[in-house]
Amino acid sequence: MRIAVASGKGGTGKTTVAVALTLASQEPVVYADCDVEEPNGSIFLRPEVDRVEKVLVEVPKIDESKCNACGDCARFCQFNALVSFNTPPLVFPDLCHSCGGCELVCPTGAISWRKVPIGEISLGTSDGGRISVIQGKLDVGGSLAPPVIRQVKTYLTDDVFTVVDSPPGTSCPVIESLGEADYVLLVTEATPFGLHDLKLAVETVRELGTPFSVVINRFDEGDSGVEDYCASEKIHIMVKIPHRREMAEAYSRGGNLFDAIPELLDIFRSIPERIEKGVGV
Amino acid sequence: MEEIRMKIAVPSPGRTLESSVDGRFGRAAGFIVYNTEDGSFTLADNGQNMNAGQGAGVQAAQNIAATGADVVIAPSFGPKAFQVLKAAGVKMVFSIVGTVKENIESFIAGKLKESDNANVEGHW
């Protein structure tokens with residue numbers, strides 16, 4: 001089973017929940033950090049890294065001796081990665097989405113491809129090998145998270161329990177990370193901001209058609225808006241995590257949810273089983 | 001004003017020569033394009049870039065080139081916009097605090113500094 005932990009709003013506790021779900025498992029488990037702009041699950045899981053590999057994407061290379069300066073490639077490019085003023089095009093590799101369209105429209109075959117690095121994947125294990133940690137990391141200043149996430153996903157299989165730590169928001173990187181997930185946990189907080197972004201996340205997951213439920217973090221700190229919304233939308237609330245000073249203290253030391261609130265361990269341990277039984281589906 | 005024939009583009013949130021200069025080049029609402037020949041001006045929309053995910057500077061620079069502007073006056077130019085404007089042969093000049101009109105007058109009087117390099121890092 002693959003569970004993706006996502007949220008609309010950032011800072012609601014996705015990584016806290018994803019790490020907790022990983023640690024609570026008594027089976028071999030894969031933790032996949034797809035929050036590639038700021039992956040931080042490793043701070044809490046502390047894997048021994050066995051291997052690091054680069055993420056490469058292809059960007060166009062112009063052979064100026066073949067280019068007839070027609071500008072068709074630049075007119076075709078929807079991402080402004082190519083610009084031509086009846087000249088051989090300027091290329092802006094970091095705007096390129098590697099779609100390949102420029103090569104198709106080029107009448108003189110002047111476009112070929114070169115590979116550029118945009119990030120890296122690290123592979124390691126934690127807890128004596130029981131937990132596999134796969135982390136994607138986009139280079140600082142990079143803007144193309146989806147290819148890094150796609151490469152993380154090439155290491156995921158259906159036969160091992162897998163927790164995907166998704167990026168916040170509802171844009172392309174989130175969609176990429178939620179793809180192929182069997183279930184989504186949407187983490188939110190009991191505030192108007194949390195509710196606002198939860199609604200966007202719910203719309204997104206409903207569009208994808210993936211079963212989901214909600215985790216409310218710091219549920220006793222804000223208002224009842226999120227719970228009222230979930231009730232009216234018939235959305236199951238899987239866990240409510242209380243606001244505790246001990247959690248902040250544990251977090252600041254790289255500790256996990258169960259260091260602070262041990263009574264949540266059994267609840268988290270039961271989540272995969274409850275999902276399989278169809279709770280909140 | 002002395003006799004020079006040129007088109008001068010200035011990013012602005014407004015629609016008149018008394019409007020202010022927009023603090024952002026790529027994501028300006030539009031450009032006021034002033035024609036020194038007859039003192040007329042036109043408005044070039046840049047609205048599609050205000051919410052662009054990325055590449056706003058590159059697209060704005062192409063929009064400016066399409067107006068036939070010879071010069072653009074703005075507070076800053078990012079690295080990609082700089083490359084595009086340079087390739088298009090559009091001169092880049094740094095603006096001063098004031099209205100579009102004051103900036104155009106200062107430029108014509110030779111009081112504004114030309115940009116020979118991108119002066120800000122790439123940004124969102």
# chains A, B, ... in the order shown; residues from 1 in each chain; ligands from 1
>>> closest_atom_pairs(of="chain A", to="chain B", cutoff="8 Å", atoms="only C-alpha atoms", output="CSV")
residue,atom,partner,partner_atom,distance
A:Phe79,CA,B:Gly55,CA,6.6
A:Asn80,CA,B:Gly55,CA,5.8
A:Ala81,CA,B:Gly55,CA,7.6
A:Val83,CA,B:Val84,CA,7.2
A:Phe85,CA,B:Ala88,CA,6.4
A:Leu90,CA,B:Val84,CA,7.6
A:Phe92,CA,B:Lys80,CA,7.6
A:Leu95,CA,B:Gly55,CA,6.6
>>> select_by_dssp(residues="chain B", states="strand (DSSP E)", output="VMD selection string")
chain B and resid 7 to 12 30 to 35 41 to 45 71 to 74 91 to 94
>>> residues_around(residues="Gln135 (chain A)", least_positions_apart="3", cutoff="8 Å", atoms="only C-alpha atoms", output="PDB file with C-alpha atoms, in the first residue's frame")
ATOM      1  CA  ALA A  32       9.837   8.597   0.085  1.00  0.00           C
ATOM      2  CA  ASP A  33      10.536  12.281   0.577  1.00  0.00           C
ATOM      3  CA  CYS A  34       8.909  13.972  -2.410  1.00  0.00           C
ATOM      4  CA  VAL A  36      11.978  17.984  -2.954  1.00  0.00           C
ATOM      5  CA  PRO A  39      13.105  17.542   2.090  1.00  0.00           C
ATOM      6  CA  SER A  42      15.883  12.559   7.007  1.00  0.00           C
ATOM      7  CA  ILE A 121      18.241  11.383  -5.133  1.00  0.00           C
ATOM      8  CA  SER A 122      19.726   9.804  -2.029  1.00  0.00           C
ATOM      9  CA  LEU A 123      19.011   6.237  -1.027  1.00  0.00           C
ATOM     10  CA  VAL A 152      12.088   9.194  -6.616  1.00  0.00           C
TER      11      VAL A 152
END
>>> residues_around(residues="Ser126 (chain A)", least_positions_apart="6", cutoff="8 Å", atoms="only C-alpha atoms", output="number ranges by chain")
A: 45-48, 132-133
>>> write_last_selection(atoms="C-alpha atoms", output="PDB file, in the first residue's frame")
ATOM      1  CA  LEU A  45      14.733   9.245  10.333  1.00  0.00           C
ATOM      2  CA  ARG A  46      18.528   9.702  10.186  1.00  0.00           C
ATOM      3  CA  PRO A  47      19.222   7.192   7.413  1.00  0.00           C
ATOM      4  CA  GLU A  48      22.651   5.885   6.532  1.00  0.00           C
ATOM      5  CA  SER A 132      14.289   2.525   3.395  1.00  0.00           C
ATOM      6  CA  VAL A 133      14.626   6.259   2.949  1.00  0.00           C
TER       7      VAL A 133
END
>>> atom_distance(atom1="CA of Arg114 (chain A)", atom2="CA of Cys96 (chain A)")
11.9 Å
>>> atom_distance(atom1="CA of Pro89 (chain A)", atom2="CA of Ala74 (chain A)")
6.9 Å
>>> residues_around(residues="Val187 (chain A)", least_positions_apart="3", cutoff="10 Å", atoms="only C-alpha atoms", output="PyMOL selection string")
chain A and resi 5-18+168+184+194+198+201+213-217+237-240
>>> residues_around(residues="Ile175 (chain A)", least_positions_apart="5", cutoff="12 Å", atoms="only C-alpha atoms", output="number ranges by chain")
A: 4, 6-8, 34-35, 145-146, 149-150, 166-170, 180-181, 184, 201, 203-210
>>> residues_around(residues="Glu18 (chain B)", least_positions_apart="4", cutoff="8 Å", atoms="only C-alpha atoms", output="list in words")
Thr99, Val100 and Lys101 of chain B
>>> atom_distance(atom1="CA of Gly179 (chain A)", atom2="CA of Asn51 (chain B)")
26.3 Å
>>> select_by_dssp(residues="region 69-119 of chain A", states="helix (DSSP H, G or I)", output="ChimeraX atom specification")
/A:72-76,93-95,101-105
>>> closest_residue(among="B:Ala9, B:Val93, B:Ala28, B:Leu112", to="Thr42 (chain B)", atoms="only C-alpha atoms")
B:Ala9
>>> closest_residue(among="B:Met50, B:Ser76, B:Ala81, B:Lys86", to="Lys113 (chain B)", atoms="only C-alpha atoms")
B:Ser76
>>> decode(residues="chain B", atoms="C-alpha atoms", output="PDB file, in the first residue's frame")
ATOM      1  CA  MET B   1      13.366  68.493 -25.617  1.00  0.00           C
ATOM      2  CA  GLU B   2      16.040  67.976 -28.221  1.00  0.00           C
ATOM      3  CA  GLU B   3      15.312  66.255 -31.521  1.00  0.00           C
ATOM      4  CA  ILE B   4      15.756  62.551 -31.139  1.00  0.00           C
ATOM      5  CA  ARG B   5      13.417  60.082 -32.678  1.00  0.00           C
ATOM      6  CA  MET B   6      12.926  57.118 -30.505  1.00  0.00           C
ATOM      7  CA  LYS B   7      10.439  55.006 -28.621  1.00  0.00           C
ATOM      8  CA  ILE B   8      10.944  54.779 -24.886  1.00  0.00           C
ATOM      9  CA  ALA B   9       9.197  52.055 -22.862  1.00  0.00           C
ATOM     10  CA  VAL B  10       8.590  52.435 -19.124  1.00  0.00           C
ATOM     11  CA  PRO B  11       6.896  49.785 -16.918  1.00  0.00           C
ATOM     12  CA  SER B  12       3.974  51.312 -15.052  1.00  0.00           C
ATOM     13  CA  PRO B  13       0.893  50.280 -13.084  1.00  0.00           C
ATOM     14  CA  GLY B  14      -0.899  53.342 -14.547  1.00  0.00           C
ATOM     15  CA  ARG B  15      -2.060  54.580 -17.908  1.00  0.00           C
ATOM     16  CA  THR B  16      -0.739  58.128 -18.158  1.00  0.00           C
ATOM     17  CA  LEU B  17       2.612  59.906 -18.245  1.00  0.00           C
ATOM     18  CA  GLU B  18       1.898  61.101 -14.705  1.00  0.00           C
ATOM     19  CA  SER B  19       1.783  57.480 -13.467  1.00  0.00           C
ATOM     20  CA  SER B  20       4.581  56.030 -11.384  1.00  0.00           C
ATOM     21  CA  VAL B  21       7.252  53.649 -12.623  1.00  0.00           C
ATOM     22  CA  ASP B  22       6.504  50.031 -11.712  1.00  0.00           C
ATOM     23  CA  GLY B  23       8.994  48.596  -9.244  1.00  0.00           C
ATOM     24  CA  ARG B  24       9.043  45.306 -11.114  1.00  0.00           C
ATOM     25  CA  PHE B  25       9.956  44.867 -14.731  1.00  0.00           C
ATOM     26  CA  GLY B  26       8.781  41.366 -15.664  1.00  0.00           C
ATOM     27  CA  ARG B  27       5.562  41.530 -13.686  1.00  0.00           C
ATOM     28  CA  ALA B  28       4.602  45.133 -14.395  1.00  0.00           C
ATOM     29  CA  ALA B  29       0.934  45.591 -15.316  1.00  0.00           C
ATOM     30  CA  GLY B  30       1.988  47.200 -18.581  1.00  0.00           C
ATOM     31  CA  PHE B  31       4.399  49.471 -20.371  1.00  0.00           C
ATOM     32  CA  ILE B  32       3.923  53.053 -21.444  1.00  0.00           C
ATOM     33  CA  VAL B  33       5.659  53.456 -24.795  1.00  0.00           C
ATOM     34  CA  TYR B  34       6.483  57.091 -25.488  1.00  0.00           C
ATOM     35  CA  ASN B  35       7.277  58.360 -28.965  1.00  0.00           C
ATOM     36  CA  THR B  36       9.696  61.301 -28.864  1.00  0.00           C
ATOM     37  CA  GLU B  37       8.815  62.299 -32.401  1.00  0.00           C
ATOM     38  CA  ASP B  38       5.366  63.629 -31.600  1.00  0.00           C
ATOM     39  CA  GLY B  39       5.074  63.234 -27.829  1.00  0.00           C
ATOM     40  CA  SER B  40       2.388  60.579 -28.161  1.00  0.00           C
ATOM     41  CA  PHE B  41       2.316  57.365 -26.190  1.00  0.00           C
ATOM     42  CA  THR B  42       0.708  53.955 -26.349  1.00  0.00           C
ATOM     43  CA  LEU B  43       0.064  51.319 -23.719  1.00  0.00           C
ATOM     44  CA  ALA B  44       1.481  47.809 -24.069  1.00  0.00           C
ATOM     45  CA  ASP B  45      -0.274  45.262 -21.884  1.00  0.00           C
ATOM     46  CA  ASN B  46       1.867  42.940 -19.799  1.00  0.00           C
ATOM     47  CA  GLY B  47      -0.997  41.522 -17.738  1.00  0.00           C
ATOM     48  CA  GLN B  48      -0.391  37.906 -18.792  1.00  0.00           C
ATOM     49  CA  ASN B  49       2.927  38.070 -16.927  1.00  0.00           C
ATOM     50  CA  MET B  50       1.627  39.367 -13.620  1.00  0.00           C
ATOM     51  CA  ASN B  51       0.637  35.829 -12.643  1.00  0.00           C
ATOM     52  CA  ALA B  52       3.033  33.848 -14.807  1.00  0.00           C
ATOM     53  CA  GLY B  53       4.594  30.921 -12.979  1.00  0.00           C
ATOM     54  CA  GLN B  54       7.979  31.587 -14.458  1.00  0.00           C
ATOM     55  CA  GLY B  55       9.645  33.288 -17.394  1.00  0.00           C
ATOM     56  CA  ALA B  56       7.899  36.624 -16.782  1.00  0.00           C
ATOM     57  CA  GLY B  57      11.058  38.639 -17.414  1.00  0.00           C
ATOM     58  CA  VAL B  58      11.759  36.840 -20.663  1.00  0.00           C
ATOM     59  CA  GLN B  59       8.198  37.327 -21.906  1.00  0.00           C
ATOM     60  CA  ALA B  60       8.070  40.989 -20.803  1.00  0.00           C
ATOM     61  CA  ALA B  61      11.323  41.652 -22.648  1.00  0.00           C
ATOM     62  CA  GLN B  62       9.812  40.119 -25.784  1.00  0.00           C
ATOM     63  CA  ASN B  63       6.674  42.235 -25.327  1.00  0.00           C
ATOM     64  CA  ILE B  64       8.868  45.333 -25.195  1.00  0.00           C
ATOM     65  CA  ALA B  65      10.806  44.306 -28.269  1.00  0.00           C
ATOM     66  CA  ALA B  66       7.485  43.819 -30.084  1.00  0.00           C
ATOM     67  CA  THR B  67       6.521  47.459 -29.422  1.00  0.00           C
ATOM     68  CA  GLY B  68       9.573  48.563 -31.374  1.00  0.00           C
ATOM     69  CA  ALA B  69      10.990  50.379 -28.340  1.00  0.00           C
ATOM     70  CA  ASP B  70      14.594  51.552 -28.607  1.00  0.00           C
ATOM     71  CA  VAL B  71      15.014  52.126 -24.890  1.00  0.00           C
ATOM     72  CA  VAL B  72      13.447  50.755 -21.712  1.00  0.00           C
ATOM     73  CA  ILE B  73      13.666  52.606 -18.414  1.00  0.00           C
ATOM     74  CA  ALA B  74      13.136  50.447 -15.302  1.00  0.00           C
ATOM     75  CA  PRO B  75      14.443  50.108 -11.748  1.00  0.00           C
ATOM     76  CA  SER B  76      16.092  46.751 -12.368  1.00  0.00           C
ATOM     77  CA  PHE B  77      16.692  44.068 -14.958  1.00  0.00           C
ATOM     78  CA  GLY B  78      17.076  40.389 -14.118  1.00  0.00           C
ATOM     79  CA  PRO B  79      19.615  38.206 -15.915  1.00  0.00           C
ATOM     80  CA  LYS B  80      17.207  36.627 -18.405  1.00  0.00           C
ATOM     81  CA  ALA B  81      15.399  39.870 -19.273  1.00  0.00           C
ATOM     82  CA  PHE B  82      18.798  41.504 -19.730  1.00  0.00           C
ATOM     83  CA  GLN B  83      19.912  38.853 -22.229  1.00  0.00           C
ATOM     84  CA  VAL B  84      16.686  39.082 -24.216  1.00  0.00           C
ATOM     85  CA  LEU B  85      16.644  42.887 -24.348  1.00  0.00           C
ATOM     86  CA  LYS B  86      20.282  42.911 -25.341  1.00  0.00           C
ATOM     87  CA  ALA B  87      19.621  40.404 -28.131  1.00  0.00           C
ATOM     88  CA  ALA B  88      16.704  42.556 -29.281  1.00  0.00           C
ATOM     89  CA  GLY B  89      18.934  45.634 -29.334  1.00  0.00           C
ATOM     90  CA  VAL B  90      16.883  47.505 -26.731  1.00  0.00           C
ATOM     91  CA  LYS B  91      18.940  49.848 -24.571  1.00  0.00           C
ATOM     92  CA  MET B  92      18.368  49.431 -20.829  1.00  0.00           C
ATOM     93  CA  VAL B  93      18.414  52.416 -18.523  1.00  0.00           C
ATOM     94  CA  PHE B  94      17.877  52.641 -14.774  1.00  0.00           C
ATOM     95  CA  SER B  95      14.887  54.680 -13.616  1.00  0.00           C
ATOM     96  CA  ILE B  96      14.842  57.242 -10.820  1.00  0.00           C
ATOM     97  CA  VAL B  97      12.090  57.911  -8.297  1.00  0.00           C
ATOM     98  CA  GLY B  98       9.346  59.892 -10.024  1.00  0.00           C
ATOM     99  CA  THR B  99       6.704  59.696 -12.703  1.00  0.00           C
ATOM    100  CA  VAL B 100       7.014  58.121 -16.128  1.00  0.00           C
ATOM    101  CA  LYS B 101       7.234  61.608 -17.614  1.00  0.00           C
ATOM    102  CA  GLU B 102      10.017  62.716 -15.255  1.00  0.00           C
ATOM    103  CA  ASN B 103      11.985  59.614 -16.142  1.00  0.00           C
ATOM    104  CA  ILE B 104      11.584  60.163 -19.869  1.00  0.00           C
ATOM    105  CA  GLU B 105      12.660  63.805 -19.512  1.00  0.00           C
ATOM    106  CA  SER B 106      15.647  62.833 -17.398  1.00  0.00           C
ATOM    107  CA  PHE B 107      16.671  60.213 -19.923  1.00  0.00           C
ATOM    108  CA  ILE B 108      16.456  62.643 -22.828  1.00  0.00           C
ATOM    109  CA  ALA B 109      18.490  65.129 -20.809  1.00  0.00           C
ATOM    110  CA  GLY B 110      21.161  62.430 -20.456  1.00  0.00           C
ATOM    111  CA  LYS B 111      20.755  62.156 -16.705  1.00  0.00           C
ATOM    112  CA  LEU B 112      19.951  58.450 -16.420  1.00  0.00           C
ATOM    113  CA  LYS B 113      22.491  55.679 -16.127  1.00  0.00           C
ATOM    114  CA  GLU B 114      22.621  52.969 -18.742  1.00  0.00           C
ATOM    115  CA  SER B 115      22.663  49.364 -17.577  1.00  0.00           C
ATOM    116  CA  ASP B 116      25.521  47.290 -18.921  1.00  0.00           C
ATOM    117  CA  ASN B 117      24.732  44.270 -16.789  1.00  0.00           C
ATOM    118  CA  ALA B 118      21.834  42.568 -15.077  1.00  0.00           C
ATOM    119  CA  ASN B 119      21.659  44.284 -11.700  1.00  0.00           C
ATOM    120  CA  VAL B 120      19.521  41.805  -9.801  1.00  0.00           C
ATOM    121  CA  GLU B 121      19.608  38.049  -9.350  1.00  0.00           C
ATOM    122  CA  GLY B 122      17.015  35.851 -10.975  1.00  0.00           C
ATOM    123  CA  HIS B 123      13.853  35.968  -8.885  1.00  0.00           C
ATOM    124  CA  TRP B 124      10.199  34.920  -8.764  1.00  0.00           C
TER     125      TRP B 124
END
